[in-house]
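The data block below is entry-v8.txt; it holds compact mmCIF, C-alpha atoms.
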# COMPACT_ATOMS: atom_id res chain seq x y z
CA MET A 1 -63.88 6.79 19.12
CA SER A 2 -62.16 7.53 15.81
CA PRO A 3 -59.89 4.85 14.28
CA MET A 4 -56.88 7.15 14.62
CA LEU A 5 -57.45 7.75 18.32
CA ALA A 6 -58.04 4.07 18.95
CA THR A 7 -54.78 3.20 17.17
CA ARG A 8 -52.83 5.76 19.16
CA LEU A 9 -54.17 4.44 22.49
CA ASP A 10 -53.42 0.86 21.57
CA PHE A 11 -49.85 1.69 20.48
CA ARG A 12 -49.17 3.56 23.73
CA ALA A 13 -50.42 0.60 25.77
CA HIS A 14 -48.22 -1.72 23.73
CA LEU A 15 -45.12 0.37 24.42
CA LEU A 16 -45.77 0.62 28.16
CA SER A 17 -46.64 -3.06 28.61
CA PRO A 18 -44.99 -5.07 25.82
CA SER A 19 -45.63 -8.40 27.56
CA PRO A 20 -48.62 -8.02 29.93
CA SER A 21 -49.51 -10.85 32.29
CA PRO A 22 -52.70 -12.76 31.43
CA THR A 23 -54.01 -12.00 34.93
CA SER A 24 -53.26 -8.29 34.75
CA SER A 25 -56.19 -6.15 35.76
CA GLY A 26 -54.73 -2.99 34.20
CA LEU A 27 -56.72 -0.99 31.72
CA ARG A 28 -56.53 -2.48 28.22
CA VAL A 29 -57.88 -0.60 25.24
CA ARG A 30 -59.30 -2.83 22.57
CA PRO A 31 -58.96 -1.31 19.09
CA SER A 32 -61.81 -1.11 16.65
CA PRO A 33 -61.57 -3.14 13.40
CA GLU A 34 -60.64 0.04 11.52
CA ALA A 35 -57.83 0.73 14.01
CA ALA A 36 -56.54 -2.82 13.76
CA ARG A 37 -56.28 -2.53 10.00
CA ALA A 38 -54.50 0.84 10.32
CA ARG A 39 -52.09 -0.60 12.85
CA ALA A 40 -51.30 -3.57 10.57
CA ARG A 41 -50.58 -1.19 7.68
CA TYR A 42 -48.26 0.79 9.98
CA LEU A 43 -46.30 -2.17 11.37
CA ALA A 44 -45.99 -4.33 8.23
CA PRO A 45 -43.23 -2.27 6.55
CA ARG A 46 -41.28 -2.13 9.83
CA ALA A 47 -41.50 -5.90 10.25
CA THR A 48 -40.23 -6.38 6.69
CA ALA A 49 -37.35 -3.96 7.30
CA LEU A 50 -36.40 -5.72 10.53
CA ALA A 51 -36.44 -9.09 8.83
CA THR A 52 -34.26 -7.76 6.02
CA ALA A 53 -31.83 -6.27 8.52
CA ALA A 54 -31.62 -9.55 10.39
CA VAL A 55 -30.75 -11.38 7.18
CA SER A 56 -28.20 -8.79 6.07
CA ALA A 57 -26.52 -8.87 9.49
CA LYS A 58 -25.30 -12.41 8.86
CA PRO A 59 -21.65 -12.73 7.77
CA ALA A 60 -21.47 -12.68 3.98
CA ALA A 61 -19.66 -15.44 2.17
CA VAL A 62 -17.08 -14.54 -0.45
CA ALA A 63 -19.15 -13.75 -3.53
CA PRO A 64 -18.11 -14.72 -7.03
CA LEU A 65 -16.82 -11.99 -9.31
CA SER A 66 -19.59 -9.84 -10.69
CA ALA A 67 -20.16 -10.96 -14.26
CA ASP A 68 -21.83 -7.71 -15.34
CA ARG A 69 -18.80 -5.49 -14.58
CA THR A 70 -16.52 -5.13 -17.57
CA VAL A 71 -14.45 -2.16 -16.41
CA VAL A 72 -11.25 -2.81 -14.45
CA ARG A 73 -10.99 -1.05 -11.07
CA ILE A 74 -7.90 0.18 -9.24
CA GLY A 75 -7.97 1.52 -5.67
CA LEU A 76 -5.71 4.43 -4.71
CA PRO A 77 -5.21 6.04 -1.28
CA SER A 78 -7.72 8.87 -0.85
CA LYS A 79 -5.84 11.22 1.48
CA GLY A 80 -2.50 12.32 2.83
CA ARG A 81 1.07 12.01 1.70
CA MET A 82 0.56 8.46 0.45
CA SER A 83 -2.11 9.71 -1.95
CA GLU A 84 0.07 12.57 -3.20
CA GLN A 85 3.06 10.32 -3.81
CA THR A 86 0.92 7.71 -5.57
CA LEU A 87 -0.46 10.28 -8.00
CA SER A 88 3.01 11.72 -8.55
CA LEU A 89 4.46 8.30 -9.40
CA LEU A 90 1.65 7.50 -11.83
CA LYS A 91 2.10 10.88 -13.52
CA SER A 92 5.81 10.17 -13.93
CA CYS A 93 4.84 6.93 -15.69
CA GLN A 94 2.54 8.80 -18.12
CA LEU A 95 -0.48 7.48 -16.19
CA SER A 96 -1.90 10.79 -14.97
CA VAL A 97 -5.13 10.42 -12.97
CA ARG A 98 -7.94 12.71 -14.15
CA HIS A 99 -10.01 13.64 -11.10
CA LEU A 100 -12.52 16.24 -12.31
CA ASN A 101 -14.61 16.45 -9.14
CA PRO A 102 -12.63 16.29 -5.86
CA ARG A 103 -15.86 15.45 -3.99
CA GLN A 104 -16.28 12.23 -5.95
CA TYR A 105 -14.47 8.99 -5.18
CA THR A 106 -14.02 8.00 -8.82
CA ALA A 107 -11.60 9.14 -11.51
CA ASP A 108 -9.95 7.76 -14.62
CA ILE A 109 -6.62 7.45 -16.42
CA PRO A 110 -7.08 8.59 -20.04
CA GLN A 111 -4.11 6.52 -21.26
CA VAL A 112 -5.86 3.34 -20.07
CA PRO A 113 -9.48 3.61 -21.29
CA ASN A 114 -10.92 0.57 -19.50
CA LEU A 115 -9.43 1.43 -16.10
CA GLU A 116 -11.57 3.04 -13.39
CA VAL A 117 -9.91 4.71 -10.39
CA TRP A 118 -11.49 4.54 -6.93
CA PHE A 119 -10.11 6.63 -4.06
CA GLN A 120 -10.39 4.63 -0.84
CA ARG A 121 -8.92 4.31 2.63
CA PRO A 122 -5.88 1.98 2.47
CA LYS A 123 -7.45 -0.72 4.64
CA ASP A 124 -10.60 -0.62 2.50
CA ILE A 125 -8.48 -1.11 -0.62
CA VAL A 126 -7.19 -4.39 0.83
CA ARG A 127 -10.65 -5.54 1.90
CA LYS A 128 -12.18 -4.76 -1.50
CA LEU A 129 -9.34 -6.52 -3.28
CA GLN A 130 -10.14 -9.60 -1.22
CA SER A 131 -13.84 -9.39 -2.07
CA GLY A 132 -13.17 -8.75 -5.77
CA ASP A 133 -14.79 -5.29 -5.78
CA LEU A 134 -11.37 -3.90 -6.74
CA ASP A 135 -8.99 -5.61 -9.15
CA LEU A 136 -5.79 -3.66 -8.44
CA GLY A 137 -4.60 -1.38 -5.65
CA ILE A 138 -1.62 0.67 -4.52
CA VAL A 139 -1.18 0.48 -0.76
CA GLY A 140 1.54 0.12 1.87
CA PHE A 141 2.92 -3.34 2.57
CA ASP A 142 2.08 -2.84 6.27
CA ILE A 143 -1.62 -2.45 5.45
CA VAL A 144 -1.59 -5.41 3.07
CA SER A 145 0.02 -7.56 5.77
CA GLU A 146 -2.33 -6.43 8.55
CA TYR A 147 -5.65 -6.62 6.73
CA GLY A 148 -4.75 -9.27 4.16
CA GLN A 149 -3.38 -11.55 6.90
CA GLY A 150 -1.50 -13.74 4.43
CA SER A 151 -4.55 -14.28 2.24
CA ASP A 152 -3.91 -16.34 -0.89
CA GLY A 153 -6.48 -14.17 -2.67
CA LEU A 154 -4.00 -11.27 -2.88
CA VAL A 155 -1.04 -11.17 -5.27
CA THR A 156 1.82 -8.70 -4.92
CA VAL A 157 2.57 -7.43 -8.43
CA HIS A 158 5.29 -4.92 -7.45
CA ASP A 159 6.72 -4.95 -3.94
CA ALA A 160 8.93 -1.83 -4.07
CA LEU A 161 7.42 1.34 -5.53
CA GLU A 162 10.08 3.39 -3.71
CA PHE A 163 7.87 5.66 -1.61
CA GLY A 164 5.99 5.45 1.67
CA HIS A 165 8.99 3.94 3.44
CA CYS A 166 8.49 3.13 7.12
CA ARG A 167 8.79 0.28 9.56
CA LEU A 168 6.40 -1.30 12.03
CA SER A 169 8.39 -1.36 15.22
CA LEU A 170 8.09 -2.08 18.93
CA ALA A 171 9.08 0.73 21.32
CA VAL A 172 9.39 0.95 25.12
CA PRO A 173 9.94 3.85 27.56
CA LYS A 174 13.54 4.97 28.09
CA GLU A 175 13.24 5.07 31.86
CA GLY A 176 11.77 3.12 34.76
CA ILE A 177 11.78 -0.66 34.53
CA PHE A 178 12.79 -0.41 30.85
CA GLU A 179 15.94 1.68 31.40
CA ASN A 180 18.27 -1.29 30.85
CA ILE A 181 16.06 -3.10 28.34
CA ASN A 182 17.69 -2.86 24.91
CA SER A 183 16.66 -6.01 23.07
CA LEU A 184 13.55 -8.06 22.35
CA GLU A 185 15.00 -11.00 24.26
CA GLU A 186 15.54 -8.86 27.37
CA LEU A 187 11.97 -7.57 27.12
CA ALA A 188 10.54 -11.09 26.87
CA ASN A 189 12.50 -12.27 29.92
CA MET A 190 11.40 -9.48 32.26
CA PRO A 191 10.04 -11.04 35.47
CA GLU A 192 7.30 -8.39 35.67
CA TRP A 193 5.16 -10.19 33.08
CA THR A 194 2.87 -12.81 34.55
CA GLN A 195 -0.54 -14.22 33.81
CA GLU A 196 -2.04 -11.85 36.37
CA ARG A 197 0.01 -8.89 35.12
CA PRO A 198 0.71 -9.34 31.39
CA MET A 199 2.69 -6.91 29.28
CA ARG A 200 0.22 -4.36 27.94
CA VAL A 201 0.70 -3.52 24.26
CA VAL A 202 -1.16 -0.77 22.41
CA THR A 203 -1.20 -0.92 18.63
CA GLY A 204 -3.26 -0.37 15.52
CA PHE A 205 -1.80 -3.58 14.09
CA GLY A 206 -3.36 -6.27 16.24
CA TYR A 207 -2.79 -9.14 13.80
CA LEU A 208 0.86 -8.38 13.04
CA GLY A 209 1.67 -7.36 16.63
CA SER A 210 0.26 -10.48 18.24
CA LYS A 211 1.81 -12.75 15.60
CA PHE A 212 5.22 -11.15 16.05
CA LEU A 213 5.24 -11.39 19.85
CA ARG A 214 3.88 -14.93 19.84
CA GLU A 215 6.63 -16.05 17.43
CA ASN A 216 9.26 -14.39 19.65
CA GLY A 217 8.35 -16.20 22.86
CA PHE A 218 6.09 -13.73 24.66
CA ASN A 219 3.62 -15.69 26.78
CA HIS A 220 1.88 -13.06 28.90
CA VAL A 221 0.61 -10.23 26.69
CA SER A 222 -2.60 -8.24 26.50
CA PHE A 223 -3.48 -5.94 23.60
CA LEU A 224 -5.22 -2.60 23.49
CA ALA A 225 -6.40 -1.26 20.15
CA GLY A 226 -5.36 2.29 19.30
CA ASP A 227 -5.20 4.29 16.10
CA GLY A 228 -3.52 7.57 16.97
CA ALA A 229 -1.05 9.24 19.36
CA LEU A 230 0.08 5.86 20.68
CA GLU A 231 3.20 7.48 22.13
CA SER A 232 1.07 8.94 24.93
CA TYR A 233 -0.19 5.59 26.24
CA PRO A 234 2.90 4.54 28.25
CA ALA A 235 3.25 8.02 29.79
CA MET A 236 -0.40 7.89 30.88
CA GLY A 237 0.05 4.43 32.43
CA MET A 238 -2.32 2.82 29.93
CA ALA A 239 0.27 0.58 28.24
CA ASP A 240 3.81 -0.72 28.71
CA VAL A 241 4.80 -1.05 25.06
CA ILE A 242 3.66 0.34 21.72
CA VAL A 243 3.82 -1.24 18.27
CA ASP A 244 3.54 1.50 15.69
CA LEU A 245 4.80 2.78 12.35
CA VAL A 246 8.12 4.62 12.52
CA SER A 247 9.79 6.72 9.82
CA SER A 248 12.60 8.76 11.30
CA GLY A 249 12.04 7.90 14.98
CA THR A 250 11.88 11.57 15.98
CA THR A 251 8.37 11.32 17.47
CA LEU A 252 9.44 8.35 19.61
CA ARG A 253 12.47 10.18 20.96
CA GLU A 254 10.52 13.34 21.72
CA ASN A 255 8.07 11.25 23.76
CA ASN A 256 10.80 9.50 25.76
CA LEU A 257 10.46 6.17 23.93
CA LYS A 258 13.07 3.98 22.25
CA GLU A 259 13.20 1.16 19.75
CA ILE A 260 15.03 -1.99 20.81
CA GLU A 261 17.18 -4.51 19.01
CA GLY A 262 15.11 -7.13 17.20
CA GLY A 263 11.92 -5.11 17.64
CA VAL A 264 11.17 -4.35 13.98
CA VAL A 265 8.04 -6.25 12.98
CA LEU A 266 8.35 -5.47 9.26
CA GLU A 267 9.75 -2.97 6.77
CA SER A 268 7.16 -1.32 4.58
CA GLN A 269 6.78 0.76 1.43
CA ALA A 270 4.15 1.22 -1.25
CA THR A 271 3.21 -1.86 -3.28
CA LEU A 272 1.01 -2.72 -6.26
CA VAL A 273 -1.37 -5.53 -5.29
CA ALA A 274 -3.97 -7.45 -7.30
CA CYS A 275 -6.95 -9.70 -6.69
CA ARG A 276 -5.95 -13.21 -7.75
CA ARG A 277 -9.44 -14.09 -9.00
CA SER A 278 -9.57 -10.95 -11.12
CA LEU A 279 -6.23 -11.77 -12.75
CA HIS A 280 -7.57 -15.19 -13.67
CA LYS A 281 -11.17 -14.42 -14.57
CA ARG A 282 -11.89 -10.77 -15.31
CA LYS A 283 -11.25 -9.71 -18.87
CA GLY A 284 -8.64 -7.02 -19.29
CA VAL A 285 -7.14 -7.18 -15.77
CA LEU A 286 -4.04 -9.14 -16.74
CA GLU A 287 -3.35 -6.90 -19.76
CA ILE A 288 -3.71 -3.68 -17.74
CA THR A 289 -1.57 -5.14 -14.97
CA HIS A 290 1.14 -5.91 -17.53
CA GLU A 291 1.06 -2.36 -18.92
CA MET A 292 1.18 -0.75 -15.48
CA LEU A 293 4.00 -3.03 -14.38
CA GLU A 294 6.03 -2.25 -17.53
CA ARG A 295 5.61 1.50 -17.04
CA LEU A 296 6.42 1.37 -13.32
CA GLU A 297 9.48 -0.84 -13.79
CA ALA A 298 10.84 1.28 -16.65
CA HIS A 299 10.51 4.49 -14.64
CA LEU A 300 11.79 3.10 -11.35
CA THR A 301 14.77 1.46 -13.07
CA ALA A 302 15.68 4.78 -14.68
CA THR A 303 15.40 6.66 -11.39
CA GLY A 304 18.89 7.31 -10.09
CA GLU A 305 20.55 6.49 -13.42
CA LEU A 306 22.18 8.98 -15.81
CA MET A 307 23.32 8.80 -19.40
CA VAL A 308 26.91 10.00 -19.86
CA THR A 309 28.09 10.95 -23.34
CA ALA A 310 31.72 11.81 -24.17
CA ASN A 311 34.13 12.00 -27.09
CA MET A 312 37.36 10.04 -27.11
CA ARG A 313 40.29 9.78 -29.55
CA GLY A 314 41.11 6.29 -30.74
CA ASP A 315 42.38 4.15 -33.56
CA SER A 316 39.25 1.98 -33.64
CA ALA A 317 35.99 1.35 -31.79
CA GLU A 318 37.46 -1.83 -30.33
CA GLU A 319 40.51 -0.02 -28.96
CA VAL A 320 38.28 2.62 -27.33
CA ALA A 321 36.03 -0.13 -25.90
CA GLU A 322 39.03 -1.81 -24.26
CA ARG A 323 39.95 1.42 -22.49
CA ILE A 324 36.40 2.03 -21.29
CA LEU A 325 35.81 -1.49 -20.03
CA SER A 326 39.01 -1.30 -17.99
CA GLN A 327 37.21 1.22 -15.73
CA THR A 328 34.83 -0.24 -13.13
CA SER A 329 32.32 2.64 -13.25
CA LEU A 330 31.89 2.67 -17.04
CA CYS A 331 30.42 -0.74 -17.80
CA GLY A 332 26.83 0.53 -18.33
CA LEU A 333 23.77 -1.72 -18.45
CA GLN A 334 25.13 -4.24 -20.97
CA GLY A 335 28.22 -2.27 -21.96
CA PRO A 336 29.12 1.10 -23.56
CA THR A 337 27.75 2.18 -26.92
CA ILE A 338 30.55 3.43 -29.18
CA SER A 339 30.10 5.12 -32.55
CA PRO A 340 32.47 7.02 -34.88
CA VAL A 341 32.46 10.81 -35.05
CA TYR A 342 33.02 11.85 -38.67
CA CYS A 343 34.91 15.00 -39.68
CA SER A 344 36.44 16.45 -42.83
CA ARG A 345 40.24 16.35 -43.26
CA ASP A 346 41.81 17.67 -46.50
CA GLY A 347 38.56 17.21 -48.34
CA LYS A 348 38.13 13.64 -47.12
CA VAL A 349 35.92 12.08 -44.47
CA ALA A 350 37.96 10.97 -41.52
CA VAL A 351 37.41 9.44 -38.08
CA GLU A 352 39.55 10.74 -35.23
CA TYR A 353 37.05 10.61 -32.36
CA TYR A 354 34.52 8.12 -31.09
CA ALA A 355 31.36 9.01 -29.16
CA ILE A 356 30.70 6.99 -26.04
CA ASN A 357 27.29 6.55 -24.40
CA VAL A 358 27.15 4.77 -21.07
CA VAL A 359 24.57 4.59 -18.27
CA VAL A 360 25.99 5.20 -14.80
CA PRO A 361 24.41 5.40 -11.31
CA GLN A 362 23.78 8.97 -10.21
CA LYS A 363 25.64 8.36 -6.96
CA SER A 364 28.74 7.36 -8.97
CA LEU A 365 28.61 10.24 -11.46
CA TYR A 366 31.72 12.14 -10.40
CA LYS A 367 33.80 8.97 -10.13
CA SER A 368 32.67 7.97 -13.63
CA ILE A 369 33.64 11.37 -15.09
CA GLN A 370 37.08 11.14 -13.46
CA GLN A 371 37.61 7.71 -14.99
CA LEU A 372 36.49 8.97 -18.42
CA ARG A 373 38.98 11.83 -18.27
CA SER A 374 41.78 9.50 -17.20
CA ILE A 375 41.42 7.49 -20.43
CA GLY A 376 41.08 10.49 -22.74
CA GLY A 377 37.39 11.38 -22.58
CA SER A 378 36.32 14.98 -23.25
CA GLY A 379 33.20 17.05 -23.92
CA VAL A 380 31.24 15.09 -21.32
CA LEU A 381 27.44 15.49 -21.40
CA VAL A 382 25.10 14.19 -18.68
CA THR A 383 21.44 13.43 -19.38
CA LYS A 384 18.74 12.42 -16.91
CA LEU A 385 16.86 9.25 -17.88
CA THR A 386 13.09 8.86 -17.66
CA TYR A 387 12.57 5.22 -18.65
CA ILE A 388 14.66 2.11 -19.13
CA PHE A 389 12.58 -0.66 -20.70
CA ASP A 390 14.04 -4.13 -20.35
CA GLU A 391 13.29 -7.00 -22.72
CA GLU A 392 10.81 -8.30 -20.18
CA THR A 393 10.54 -7.30 -16.56
CA PRO A 394 11.46 -10.13 -14.15
CA ARG A 395 8.45 -9.22 -11.99
CA TRP A 396 6.14 -10.03 -14.89
CA ARG A 397 7.70 -13.46 -15.33
CA LYS A 398 7.39 -14.02 -11.58
CA LEU A 399 3.72 -13.01 -11.64
CA LEU A 400 2.89 -15.36 -14.52
CA SER A 401 4.67 -18.18 -12.70
CA GLU A 402 2.71 -17.52 -9.49
CA LEU A 403 -0.56 -17.54 -11.44
CA GLY A 404 0.41 -20.78 -13.21
CA LEU A 405 0.22 -19.11 -16.65
Could you render the structure as structure tokens?
Amino acid sequence: MSPMLATRLDFRAHLLSPSPSPTSSGLRVRPSPEAARARARYLAPRATALATAAVSAKPAAVAPLSADRTVVRIGLPSKGRMSEQTLSLLKSCQLSVRHLNPRQYTADIPQVPNLEVWFQRPKDIVRKLQSGDLDLGIVGFDIVSEYGQGSDGLVTVHDALEFGHCRLSLAVPKEGIFENINSLEELANMPEWTQERPMRVVTGFGYLGSKFLRENGFNHVSFLAGDGALESYPAMGMADVIVDLVSSGTTLRENNLKEIEGGVVLESQATLVACRRSLHKRKGVLEITHEMLERLEAHLTATGELMVTANMRGDSAEEVAERILSQTSLCGLQGPTISPVYCSRDGKVAVEYYAINVVVPQKSLYKSIQQLRSIGGSGVLVTKLTYIFDEETPRWRKLLSELGL
């Protein structure tokens, strides 16, 4: 018998009878020495692979920061509206992301040479910030709260990037046993919930949902994990309540569901988050964080603000300032800027008008113009602002304080 044939017969017998009884009288094929050696060569790599897999299956401890990585990494949402709005905000801050190959997960920001962009799922951004594989990330506060679970390893650098607004909210059916249920307290006190028949909640936010209900006195609750079309679960009889993200509430209403008083778990919007260990230990992270925070704050502060310029007759800059400061909508950031407007009168330089520059909220523009006219303002110009840089952003001081620096 050839070695190959002997090996094949032995392997078949092994598969059919992995643990034969010592007293078995079944046919056993004994391999030749050549077949035994061939079989050992065949099984050795598999045994090594299985051993490696067994080791790697063990839960990994939090590893120290990789010392050989010098580039700073930021994670951005890879898909959807959140991704589009993130890129748009960065572009408005002169931090345009250069993504040459849409099939790749990496990109860069030319204005920040040592910064590497990684496109990731939002929940993976949070996980990789915790492990130190990412140093910075832009992600919704809801995702940070759910997957970060209050971890001290995450630091919120900017908590209000002004996009991605939504709320994590509890909703119940409008009809049936919930018809007269309009508050969280009423829901908790429903006699239907017992140990044998708990309130069934479907959600993609198991940590936040269970924490919220536990803190609000719900004793008999069971959870079902779901990650899409949660509005259908109550109608199908699979759940009593849903805990899901809500923007306008239209989808809830169209599926015969309603929010109830006290049922908002948290309000969410996009945030800039950092790995605490990276801020302390990785070179360049703190400096890049400072630059990004400065740019974001300057742009977001300027959003919704307008510069109003007007001319006004007056005897002096002080007299004009008194008139302006008497109007509640014309106080500006620190106050109006007033400068003389020079003209020629009878061959001499004269000052009859003063130019006023004042920053006003966009929502108060018309009221501000009316007040300017009432005190003699004319030739009003309105300019949109792109950036307003403060002496030092309060969020930076807060971050340094939290890091003990």
Find the spatial neighbours of Phe389 in chain A, counting all atoms listed in the file, within a cut-off of 12 Å - ignore same-chain residues fewer than 4 positions away - and output them as a PDB file with C-alpha atoms, keeping the file's coordinate frame.
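Saved the output as result17.pdb:
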ATOM      1  CA  CYS A  93       4.840   6.930 -15.690  1.00  0.00           C
ATOM      2  CA  GLU A 291       1.060  -2.360 -18.920  1.00  0.00           C
ATOM      3  CA  LEU A 293       4.000  -3.030 -14.380  1.00  0.00           C
ATOM      4  CA  GLU A 294       6.030  -2.250 -17.530  1.00  0.00           C
ATOM      5  CA  ARG A 295       5.610   1.500 -17.040  1.00  0.00           C
ATOM      6  CA  LEU A 296       6.420   1.370 -13.320  1.00  0.00           C
ATOM      7  CA  GLU A 297       9.480  -0.840 -13.790  1.00  0.00           C
ATOM      8  CA  ALA A 298      10.840   1.280 -16.650  1.00  0.00           C
ATOM      9  CA  HIS A 299      10.510   4.490 -14.640  1.00  0.00           C
ATOM     10  CA  LEU A 300      11.790   3.100 -11.350  1.00  0.00           C
ATOM     11  CA  THR A 301      14.770   1.460 -13.070  1.00  0.00           C
ATOM     12  CA  ALA A 302      15.680   4.780 -14.680  1.00  0.00           C
ATOM     13  CA  LEU A 333      23.770  -1.720 -18.450  1.00  0.00           C
ATOM     14  CA  LEU A 385      16.860   9.250 -17.880  1.00  0.00           C
ATOM     15  CA  THR A 393      10.540  -7.300 -16.560  1.00  0.00           C
ATOM     16  CA  PRO A 394      11.460 -10.130 -14.150  1.00  0.00           C
TER      17      PRO A 394
END
Rounded to one decimal in Å, what is the spacing between CA of Ile375 in chain A and CA of Tyr387 in chain A?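 Separating CA of Ile375 in chain A from CA of Tyr387 in chain A is a distance of 29.0 Å.
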If we count only C-alpha atoms and set the cut-off at 9 Å, which residues sit around Leu365 in chain A, ignoring sequence neighbours fewer than 4 positions away in its own chain? Please answer as a ChimeraX atom specification. /A:306,308,329,360-361,369-370,382
Taking only C-alpha atoms into account, name the residue in A:Ser96, A:Asn114, A:Ser326, A:Thr383 that is nearest to Lys283 in chain A. A:Asn114
Kindly indicate which residue among A:Leu100, A:Met236, A:Leu187, A:Leu245 lies nearest to Gly204 in chain A, using all atoms listed in the file for the distances. A:Leu245
Which polymer residues, protein or nucleic acid, are no farther than 6 Å from (1.5, -7.3, 28.4), counting only C-alpha atoms, as a list in words?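 Checking each residue against the 6 Å limit leaves Pro198, Met199, Arg200, Val201, His220, Val221 and Ser222 of chain A.
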Only N, CA, C and O atoms, as a short mmCIF file (atom, residue, chain, number, x, y, z; two decimals), in the first residue's frame: that is what I want for range 272-285 of chain A.
data_model
loop_
_atom_site.label_atom_id
_atom_site.label_comp_id
_atom_site.auth_asym_id
_atom_site.auth_seq_id
_atom_site.Cartn_x
_atom_site.Cartn_y
_atom_site.Cartn_z
N LEU A 272 -16.02 66.30 19.72
CA LEU A 272 -14.61 65.96 19.50
C LEU A 272 -14.10 65.31 20.77
O LEU A 272 -14.14 65.92 21.85
N VAL A 273 -13.63 64.08 20.65
CA VAL A 273 -13.22 63.29 21.81
C VAL A 273 -11.76 62.87 21.62
O VAL A 273 -11.29 62.70 20.49
N ALA A 274 -11.05 62.70 22.74
CA ALA A 274 -9.64 62.31 22.69
C ALA A 274 -9.36 61.17 23.65
O ALA A 274 -10.10 60.94 24.62
N CYS A 275 -8.29 60.44 23.36
CA CYS A 275 -7.78 59.41 24.26
C CYS A 275 -6.92 60.09 25.32
O CYS A 275 -5.96 60.79 24.99
N ARG A 276 -7.27 59.91 26.58
CA ARG A 276 -6.55 60.58 27.66
C ARG A 276 -5.06 60.21 27.66
O ARG A 276 -4.19 61.07 27.83
N ARG A 277 -4.77 58.94 27.46
CA ARG A 277 -3.35 58.51 27.48
C ARG A 277 -2.56 59.15 26.35
O ARG A 277 -1.40 59.51 26.51
N SER A 278 -3.21 59.30 25.19
CA SER A 278 -2.52 59.94 24.06
C SER A 278 -2.21 61.40 24.36
O SER A 278 -1.13 61.90 24.03
N LEU A 279 -3.15 62.11 24.98
CA LEU A 279 -2.93 63.51 25.32
C LEU A 279 -1.75 63.66 26.27
O LEU A 279 -1.00 64.64 26.20
N HIS A 280 -1.59 62.69 27.15
CA HIS A 280 -0.50 62.75 28.12
C HIS A 280 0.84 62.27 27.54
O HIS A 280 1.89 62.86 27.84
N LYS A 281 0.79 61.22 26.71
CA LYS A 281 2.03 60.51 26.40
C LYS A 281 2.48 60.55 24.95
O LYS A 281 3.67 60.36 24.68
N ARG A 282 1.55 60.74 24.00
CA ARG A 282 1.99 60.68 22.60
C ARG A 282 2.38 62.06 22.11
O ARG A 282 1.59 63.01 22.17
N LYS A 283 3.55 62.15 21.57
CA LYS A 283 4.08 63.43 21.11
C LYS A 283 3.22 64.00 19.98
O LYS A 283 2.88 63.30 19.04
N GLY A 284 2.89 65.25 20.11
CA GLY A 284 2.16 65.95 19.06
C GLY A 284 0.65 65.97 19.23
O GLY A 284 -0.03 66.79 18.61
N VAL A 285 0.09 65.07 20.05
CA VAL A 285 -1.37 64.99 20.18
C VAL A 285 -1.94 66.24 20.83
O VAL A 285 -2.93 66.81 20.36
#
